[in-house]
>>> print(open('model_36.pdb').read())   # PDB, C-alpha atoms and all ligand atoms
MODEL        1
ATOM      1  CA  MET A   1      19.576  10.259  -1.293
ATOM      2  CA  HIS A   2      16.720   7.809  -1.859
ATOM      3  CA  THR A   3      15.701   6.465  -5.268
ATOM      4  CA  LEU A   4      12.301   4.846  -5.598
ATOM      5  CA  TYR A   5      11.687   2.383  -8.416
ATOM      6  CA  TYR A   6       7.981   2.579  -9.041
ATOM      7  CA  SER A   7       5.083   1.957 -11.362
ATOM      8  CA  PRO A   8       2.094   4.337 -11.188
ATOM      9  CA  GLY A   9      -0.573   3.154  -8.745
ATOM     10  CA  ALA A  10       1.285  -0.077  -7.871
ATOM     11  CA  ALA A  11       2.582  -1.233  -4.465
ATOM     12  CA  SER A  12       5.235   1.462  -4.719
ATOM     13  CA  MET A  13       2.501   4.075  -4.376
ATOM     14  CA  ALA A  14       2.289   4.035  -0.577
ATOM     15  CA  VAL A  15       6.080   4.325  -0.300
ATOM     16  CA  HIS A  16       6.098   7.225  -2.740
ATOM     17  CA  TRP A  17       3.279   8.848  -0.760
ATOM     18  CA  LEU A  18       5.218   8.587   2.494
ATOM     19  CA  LEU A  19       8.370   9.995   0.880
ATOM     20  CA  ILE A  20       6.300  13.039  -0.098
ATOM     21  CA  GLU A  21       4.439  13.286   3.228
ATOM     22  CA  LEU A  22       7.724  13.142   5.162
ATOM     23  CA  ALA A  23       9.460  15.531   2.750
ATOM     24  CA  ILE A  24      12.302  13.059   2.210
ATOM     25  CA  PRO A  25      14.493  14.087  -0.740
ATOM     26  CA  HIS A  26      14.243  11.373  -3.383
ATOM     27  CA  GLU A  27      14.452  10.575  -7.047
ATOM     28  CA  LEU A  28      12.011   8.470  -9.004
ATOM     29  CA  SER A  29      12.837   5.776 -11.520
ATOM     30  CA  LEU A  30       9.921   4.480 -13.569
ATOM     31  CA  VAL A  31       9.781   0.701 -14.032
ATOM     32  CA  ASP A  32       7.897   0.214 -17.288
ATOM     33  CA  PHE A  33       5.530  -2.746 -16.835
ATOM     34  CA  GLU A  34       4.505  -2.532 -20.535
ATOM     35  CA  SER A  35       7.986  -3.600 -21.590
ATOM     36  CA  ARG A  36       8.269  -5.905 -18.545
ATOM     37  CA  ALA A  37      11.200  -3.879 -17.273
ATOM     38  CA  GLN A  38      10.546  -5.368 -13.811
ATOM     39  CA  LYS A  39      11.910  -8.685 -15.129
ATOM     40  CA  SER A  40      14.945  -7.207 -16.902
ATOM     41  CA  PRO A  41      18.365  -8.427 -15.725
ATOM     42  CA  ALA A  42      19.281  -4.897 -14.619
ATOM     43  CA  TYR A  43      16.187  -4.550 -12.426
ATOM     44  CA  LEU A  44      16.464  -8.110 -11.069
ATOM     45  CA  GLU A  45      19.892  -7.117  -9.762
ATOM     46  CA  LEU A  46      18.106  -4.584  -7.560
ATOM     47  CA  ASN A  47      15.017  -6.636  -6.768
ATOM     48  CA  PRO A  48      15.350 -10.390  -7.416
ATOM     49  CA  HIS A  49      11.549 -10.779  -7.045
ATOM     50  CA  GLY A  50      10.989  -8.588 -10.100
ATOM     51  CA  VAL A  51       8.391  -6.374  -8.417
ATOM     52  CA  VAL A  52       8.037  -2.777  -7.288
ATOM     53  CA  PRO A  53       8.758  -1.070  -5.009
ATOM     54  CA  THR A  54      12.496  -1.002  -4.645
ATOM     55  CA  LEU A  55      13.908   1.822  -2.572
ATOM     56  CA  VAL A  56      17.599   2.470  -2.932
ATOM     57  CA  ILE A  57      18.959   4.128   0.193
ATOM     58  CA  ASP A  58      22.572   5.264   0.154
ATOM     59  CA  GLY A  59      23.302   2.945  -2.756
ATOM     60  CA  ARG A  60      21.673  -0.172  -1.260
ATOM     61  CA  PRO A  61      18.415  -1.573  -2.666
ATOM     62  CA  HIS A  62      15.588  -2.532  -0.299
ATOM     63  CA  ALA A  63      12.237  -4.164  -1.027
ATOM     64  CA  GLU A  64       8.823  -4.966   0.510
ATOM     65  CA  ALA A  65       6.404  -2.069   0.732
ATOM     66  CA  ALA A  66       5.405  -2.706   4.358
ATOM     67  CA  ALA A  67       9.003  -2.852   5.592
ATOM     68  CA  LEU A  68       9.816   0.338   3.715
ATOM     69  CA  LEU A  69       6.827   2.148   5.219
ATOM     70  CA  VAL A  70       7.776   1.145   8.757
ATOM     71  CA  HIS A  71      11.372   2.163   8.142
ATOM     72  CA  LEU A  72      10.476   5.577   6.727
ATOM     73  CA  ALA A  73       8.026   6.281   9.549
ATOM     74  CA  ASP A  74      10.465   5.098  12.239
ATOM     75  CA  THR A  75      13.307   7.219  10.915
ATOM     76  CA  HIS A  76      11.111  10.356  10.907
ATOM     77  CA  PRO A  77       9.602  10.235  14.403
ATOM     78  CA  GLU A  78       8.646  13.922  14.342
ATOM     79  CA  ALA A  79       5.778  13.048  11.960
ATOM     80  CA  ARG A  80       4.329  10.548  14.474
ATOM     81  CA  LEU A  81       3.481   8.034  11.747
ATOM     82  CA  SER A  82       4.698   5.083  13.836
ATOM     83  CA  PRO A  83       4.586   4.700  17.617
ATOM     84  CA  PRO A  84       8.062   4.384  19.198
ATOM     85  CA  VAL A  85       9.313   0.857  19.921
ATOM     86  CA  ASP A  86       8.432   1.087  23.625
ATOM     87  CA  ALA A  87       5.028   2.785  23.181
ATOM     88  CA  PRO A  88       1.871   0.883  24.119
ATOM     89  CA  ARG A  89       0.468   1.246  20.563
ATOM     90  CA  ARG A  90       3.593  -0.121  18.878
ATOM     91  CA  LEU A  91       2.340  -3.684  18.723
ATOM     92  CA  ASP A  92      -1.038  -2.528  17.367
ATOM     93  CA  PHE A  93       0.841  -0.627  14.671
ATOM     94  CA  LEU A  94       2.894  -3.681  13.738
ATOM     95  CA  GLN A  95      -0.136  -5.925  13.902
ATOM     96  CA  TRP A  96      -2.051  -3.796  11.365
ATOM     97  CA  THR A  97       0.941  -3.321   9.096
ATOM     98  CA  PHE A  98       1.639  -7.059   9.059
ATOM     99  CA  HIS A  99      -2.042  -7.836   8.597
ATOM    100  CA  LEU A 100      -2.194  -5.628   5.511
ATOM    101  CA  ALA A 101       1.039  -7.113   4.168
ATOM    102  CA  ASN A 102       0.270 -10.762   4.953
ATOM    103  CA  VAL A 103      -3.473 -10.966   4.420
ATOM    104  CA  LEU A 104      -4.899  -8.172   2.307
ATOM    105  CA  GLN A 105      -2.108  -7.387  -0.136
ATOM    106  CA  PRO A 106      -1.626 -11.065  -1.161
ATOM    107  CA  LEU A 107      -5.378 -11.264  -1.859
ATOM    108  CA  PHE A 108      -4.984  -8.336  -4.231
ATOM    109  CA  ARG A 109      -2.034 -10.079  -5.840
ATOM    110  CA  MET A 110      -4.463 -12.964  -6.530
ATOM    111  CA  TRP A 111      -7.067 -10.510  -7.810
ATOM    112  CA  TRP A 112      -4.635  -8.867 -10.244
ATOM    113  CA  TYR A 113      -2.739 -12.037 -11.199
ATOM    114  CA  PRO A 114      -5.428 -14.777 -10.909
ATOM    115  CA  HIS A 115      -3.393 -17.262 -12.972
ATOM    116  CA  GLU A 116      -0.679 -17.398 -10.292
ATOM    117  CA  PRO A 117      -2.446 -19.475  -7.610
ATOM    118  CA  ALA A 118      -4.348 -21.877  -9.896
ATOM    119  CA  GLY A 119      -2.936 -21.674 -13.436
ATOM    120  CA  GLU A 120      -4.442 -20.404 -16.687
ATOM    121  CA  GLY A 121      -8.174 -20.930 -17.273
ATOM    122  CA  ARG A 122      -9.209 -20.792 -13.632
ATOM    123  CA  GLU A 123      -9.251 -17.012 -13.296
ATOM    124  CA  GLU A 124     -12.997 -16.764 -12.741
ATOM    125  CA  ALA A 125     -12.975 -19.173  -9.799
ATOM    126  CA  VAL A 126      -9.970 -17.411  -8.275
ATOM    127  CA  HIS A 127     -11.725 -14.050  -8.642
ATOM    128  CA  ALA A 128     -14.890 -15.326  -6.983
ATOM    129  CA  ALA A 129     -13.015 -16.789  -4.008
ATOM    130  CA  THR A 130     -10.714 -13.797  -3.684
ATOM    131  CA  ARG A 131     -13.581 -11.340  -3.774
ATOM    132  CA  VAL A 132     -15.263 -13.013  -0.793
ATOM    133  CA  ARG A 133     -12.043 -12.907   1.202
ATOM    134  CA  ILE A 134     -11.279  -9.275   0.358
ATOM    135  CA  GLU A 135     -14.797  -8.232   1.307
ATOM    136  CA  SER A 136     -14.658 -10.031   4.632
ATOM    137  CA  ALA A 137     -11.313  -8.325   5.319
ATOM    138  CA  TRP A 138     -12.951  -4.932   4.637
ATOM    139  CA  ALA A 139     -15.825  -5.832   6.959
ATOM    140  CA  ARG A 140     -13.433  -6.708   9.793
ATOM    141  CA  ILE A 141     -11.374  -3.544   9.370
ATOM    142  CA  ASP A 142     -14.541  -1.448   9.165
ATOM    143  CA  ALA A 143     -15.804  -2.981  12.408
ATOM    144  CA  HIS A 144     -12.466  -2.154  14.048
ATOM    145  CA  LEU A 145     -12.683   1.456  12.836
ATOM    146  CA  ALA A 146     -16.268   1.743  14.087
ATOM    147  CA  GLN A 147     -15.061   0.879  17.569
ATOM    148  CA  HIS A 148     -11.532   2.267  17.678
ATOM    149  CA  GLY A 149     -11.236   4.702  14.709
ATOM    150  CA  PRO A 150     -11.368   6.943  12.874
ATOM    151  CA  TYR A 151      -7.829   5.717  12.002
ATOM    152  CA  LEU A 152      -6.366   2.251  12.575
ATOM    153  CA  LEU A 153      -4.676   3.370  15.804
ATOM    154  CA  GLY A 154      -7.393   5.788  16.890
ATOM    155  CA  ASP A 155      -7.359   9.525  16.460
ATOM    156  CA  TRP A 156      -4.040   9.938  14.620
ATOM    157  CA  PRO A 157      -3.014   8.488  11.238
ATOM    158  CA  CYS A 158      -0.043   6.124  11.101
ATOM    159  CA  ALA A 159       1.928   4.676   8.184
ATOM    160  CA  ALA A 160      -0.484   1.714   8.083
ATOM    161  CA  ASP A 161      -3.332   4.104   7.202
ATOM    162  CA  PHE A 162      -1.375   5.206   4.128
ATOM    163  CA  TYR A 163      -0.891   1.565   3.227
ATOM    164  CA  LEU A 164      -4.568   0.777   3.847
ATOM    165  CA  THR A 165      -5.622   3.690   1.638
ATOM    166  CA  MET A 166      -3.515   2.371  -1.242
ATOM    167  CA  LEU A 167      -5.122  -1.062  -0.871
ATOM    168  CA  MET A 168      -8.575   0.509  -0.717
ATOM    169  CA  ARG A 169      -7.838   2.318  -3.962
ATOM    170  CA  TRP A 170      -7.009  -0.981  -5.606
ATOM    171  CA  SER A 171     -10.571  -2.135  -4.920
ATOM    172  CA  ARG A 172     -12.172   0.808  -6.737
ATOM    173  CA  HIS A 173     -13.345  -1.247  -9.741
ATOM    174  CA  MET A 174     -14.354  -4.310  -7.742
ATOM    175  CA  PRO A 175     -18.056  -5.144  -7.469
ATOM    176  CA  ARG A 176     -18.031  -3.944  -3.859
ATOM    177  CA  PRO A 177     -15.181  -1.452  -3.323
ATOM    178  CA  ALA A 178     -13.775  -0.723   0.126
ATOM    179  CA  THR A 179     -15.602   2.613   0.191
ATOM    180  CA  ALA A 180     -18.900   0.722   0.445
ATOM    181  CA  TRP A 181     -18.053   0.299   4.138
ATOM    182  CA  PRO A 182     -18.801   3.600   5.921
ATOM    183  CA  HIS A 183     -15.840   3.776   8.292
ATOM    184  CA  LEU A 184     -13.383   2.801   5.575
ATOM    185  CA  ASP A 185     -14.973   5.416   3.346
ATOM    186  CA  ALA A 186     -14.522   8.054   6.047
ATOM    187  CA  LEU A 187     -10.880   7.073   6.546
ATOM    188  CA  ALA A 188     -10.252   7.199   2.787
ATOM    189  CA  GLY A 189     -11.858  10.655   2.672
ATOM    190  CA  ARG A 190      -9.511  11.959   5.355
ATOM    191  CA  MET A 191      -6.413  10.418   3.800
ATOM    192  CA  ARG A 192      -7.299  11.596   0.296
ATOM    193  CA  ALA A 193      -7.667  15.156   1.606
ATOM    194  CA  LEU A 194      -3.949  15.265   2.482
ATOM    195  CA  PRO A 195      -2.004  17.639   0.177
ATOM    196  CA  SER A 196       0.602  14.869  -0.219
ATOM    197  CA  PHE A 197      -2.052  12.682  -1.887
ATOM    198  CA  ARG A 198      -2.674  15.295  -4.588
ATOM    199  CA  GLU A 199       1.071  15.677  -5.082
ATOM    200  CA  LEU A 200       1.400  11.903  -5.417
ATOM    201  CA  TYR A 201      -1.324  11.835  -8.075
ATOM    202  CA  ALA A 202       0.346  14.638 -10.010
ATOM    203  CA  ARG A 203       3.749  12.956  -9.923
ATOM    204  CA  GLU A 204       2.493   9.479 -10.855
ATOM    205  CA  GLY A 205       0.063  10.851 -13.449
ATOM    206  CA  LEU A 206      -2.834   9.112 -11.726
ATOM    207  CA  ALA A 207      -6.536   9.723 -12.206
ATOM    208  CA  GLU A 208      -9.672   8.286 -10.544
ATOM    209  CA  TRP A 209     -10.424   7.945  -6.852
ATOM    210  CA  ILE A 210      -9.310  11.417  -5.841
TER     211      ILE A 210
HETATM  212  N1  LIG B 301       5.439  -8.147  -1.390
HETATM  213  C1  LIG B 301       5.787  -7.146  -2.367
HETATM  214  C2  LIG B 301       4.819  -7.284  -3.541
HETATM  215  C3  LIG B 301       5.013  -6.240  -4.582
HETATM  216  C4  LIG B 301       4.169  -6.507  -5.838
HETATM  217  O1  LIG B 301       3.496  -7.539  -5.994
HETATM  218  N2  LIG B 301       4.235  -5.530  -6.757
HETATM  219  C5  LIG B 301       3.516  -5.653  -8.012
HETATM  220  C6  LIG B 301       2.768  -4.360  -8.339
HETATM  221  S1  LIG B 301       1.476  -4.011  -7.217
HETATM  222  C7  LIG B 301       4.491  -5.858  -9.154
HETATM  223  O2  LIG B 301       5.579  -5.320  -9.130
HETATM  224  N3  LIG B 301       4.064  -6.620 -10.168
HETATM  225  C8  LIG B 301       4.841  -6.856 -11.341
HETATM  226  C9  LIG B 301       5.058  -8.307 -11.575
HETATM  227  O3  LIG B 301       4.763  -9.145 -10.700
HETATM  228  O4  LIG B 301       5.543  -8.637 -12.660
HETATM  229  C10 LIG B 301       5.733  -5.770  -1.747
HETATM  230  O5  LIG B 301       4.834  -5.519  -0.945
HETATM  231  O6  LIG B 301       6.616  -4.944  -2.008
ENDMDL
END
>>> encode(input="model_36.pdb", output="structure tokens")
Amino acid sequence: MHTLYYSPGAASMAVHWLLIELAIPHELSLVDFESRAQKSPAYLELNPHGVVPTLVIDGRPHAEAAALLVHLADTHPEARLSPPVDAPRRLDFLQWTFHLANVLQPLFRMWWYPHEPAGEGREEAVHAATRVRIESAWARIDAHLAQHGPYLLGDWPCAADFYLTMLMRWSRHMPRPATAWPHLDALAGRMRALPSFRELYAREGLAEWI
């Protein structure tokens, strides 16, 4: 049995989505950010970084959204959400997953927690710089989709598209959201049409961007 520690709409969302899409039996455990439960001693035992997601598999806690997505996709090959290790597209799959994890997601961390990189009082400058970098990341991904889409690996969605969709959602209140780029918008439309997306929204009590 899997147990996902999550907060609605947070980085746990893509993992939750894949658990639903792959019909993996799981339980949910809400980590209440309001009471800062993510920094409680009990939760830090599971995830020393004090963040979500944590996925407990057979009693062992695991972290990092991207790693969890790759693992879930790899262990359910029938869904074809990750190319096999020896497939020609495998490296493209890893490249996009790592790109999202190493480049785009940390920029959103700066967007949501602007005091972290530069301290209190500098939030506006951090936002301005981060916005430029997020928008140029969207432009590059959109150009890739224009040439090689409609999904990151071509004509079939992979786990990285689920991840990308979550990150796109995070931009929905930004001055220029990801959906301002036409190929990203088309990808988001396809991914949002999945029944698993509706189920995810119902379970996490989410609204907006559906
Ligand atoms: N690298 C981690 C980052 C996770 C992360 O930053 N999660 C945020 C929510 S989107 C969080 O738990 N924030 C609470 C906090 O930092 O106190 C991952 O991808 O799993």
>>> residues_near_ligand(input="model_36.pdb", ligand="ligand LIG 301 (chain B)", cutoff="8 Å", atoms="all atoms listed in the file", output="VMD selection string")
chain A and resid 7 9 to 12 33 36 38 to 39 49 to 54 63 to 66 101 105 to 106 109
>>> residues_around(input="model_36.pdb", residues="A:Pro114", least_positions_apart="5", cutoff="7 Å", atoms="all atoms listed in the file", output="PDB file with C-alpha atoms, keeping the file's coordinate frame")
ATOM      1  CA  GLU A 123      -9.251 -17.012 -13.296  1.00  0.00           C
ATOM      2  CA  VAL A 126      -9.970 -17.411  -8.275  1.00  0.00           C
ATOM      3  CA  HIS A 127     -11.725 -14.050  -8.642  1.00  0.00           C
TER       4      HIS A 127
END
>>> residues_around(input="model_36.pdb", residues="stretch 81-89 of chain A", least_positions_apart="5", cutoff="10 Å", atoms="all atoms listed in the file", output="CSV table (one decimal) with C-alpha atoms, in the frame of the given file")
chain,number,residue,atom,x,y,z
A,18,LEU,CA,5.2,8.6,2.5
A,22,LEU,CA,7.7,13.1,5.2
A,69,LEU,CA,6.8,2.1,5.2
A,70,VAL,CA,7.8,1.1,8.8
A,71,HIS,CA,11.4,2.2,8.1
A,72,LEU,CA,10.5,5.6,6.7
A,73,ALA,CA,8.0,6.3,9.5
A,74,ASP,CA,10.5,5.1,12.2
A,75,THR,CA,13.3,7.2,10.9
A,76,HIS,CA,11.1,10.4,10.9
A,94,LEU,CA,2.9,-3.7,13.7
A,95,GLN,CA,-0.1,-5.9,13.9
A,153,LEU,CA,-4.7,3.4,15.8
A,154,GLY,CA,-7.4,5.8,16.9
A,156,TRP,CA,-4.0,9.9,14.6
A,157,PRO,CA,-3.0,8.5,11.2
A,158,CYS,CA,0.0,6.1,11.1
A,159,ALA,CA,1.9,4.7,8.2
A,160,ALA,CA,-0.5,1.7,8.1
A,161,ASP,CA,-3.3,4.1,7.2
A,162,PHE,CA,-1.4,5.2,4.1
>>> closest_residue(input="model_36.pdb", among="A:Tyr43, A:Met1, A:Glu27, A:Pro8", to="A:Leu206", atoms="only C-alpha atoms")
A:Pro8
>>> resolve_selection(input="model_36.pdb", expression="the PyMOL selection byres (((chain A and resi 185-200) around 8) and not hetatm)", output="JSON, numbers by chain")
{"A": [13, 16, 17, 20, 21, 150, 151, 161, 162, 165, 168, 178, 179, 180, 181, 182, 183, 184, 201, 202, 203, 204, 210]}
>>> atom_distance(input="model_36.pdb", atom1="atom CA of A:His2", atom2="atom CA of A:Leu30")
13.9 Å
>>> closest_residue(input="model_36.pdb", among="A:His148, A:Gly119, A:Tyr163, A:Tyr6", to="A:Ala67", atoms="all atoms listed in the file")
A:Tyr163
>>> closest_residue(input="model_36.pdb", among="A:Trp209, A:Leu68, A:Glu124, A:Leu107", to="A:Met166", atoms="all atoms listed in the file")
A:Trp209
>>> closest_residue(input="model_36.pdb", among="A:Asp92, A:Glu34, A:Ile24, A:Pro175", to="A:His144", atoms="only C-alpha atoms")
A:Asp92
>>> atom_distance(input="model_36.pdb", atom1="atom CA of A:Asp58", atom2="atom CA of A:Asp32")
23.3 Å
>>> atom_distance(input="model_36.pdb", atom1="atom CA of A:Leu104", atom2="atom CA of A:Leu167")
7.8 Å
>>> resolve_selection(input="model_36.pdb", expression="the PyMOL selection byres (((chain A and resi 129-132) around 8) and not hetatm)", output="ChimeraX atom specification")
/A:107-108,110-111,125-128,133-136
>>> closest_residue(input="model_36.pdb", among="A:His26, A:Arg80, A:His62, A:His99", to="A:Ala137", atoms="only C-alpha atoms")
A:His99
>>> closest_residue(input="model_36.pdb", among="A:Ala207, A:Ala139, A:Leu19, A:Pro117", to="A:Arg172", atoms="only C-alpha atoms")
A:Ala207
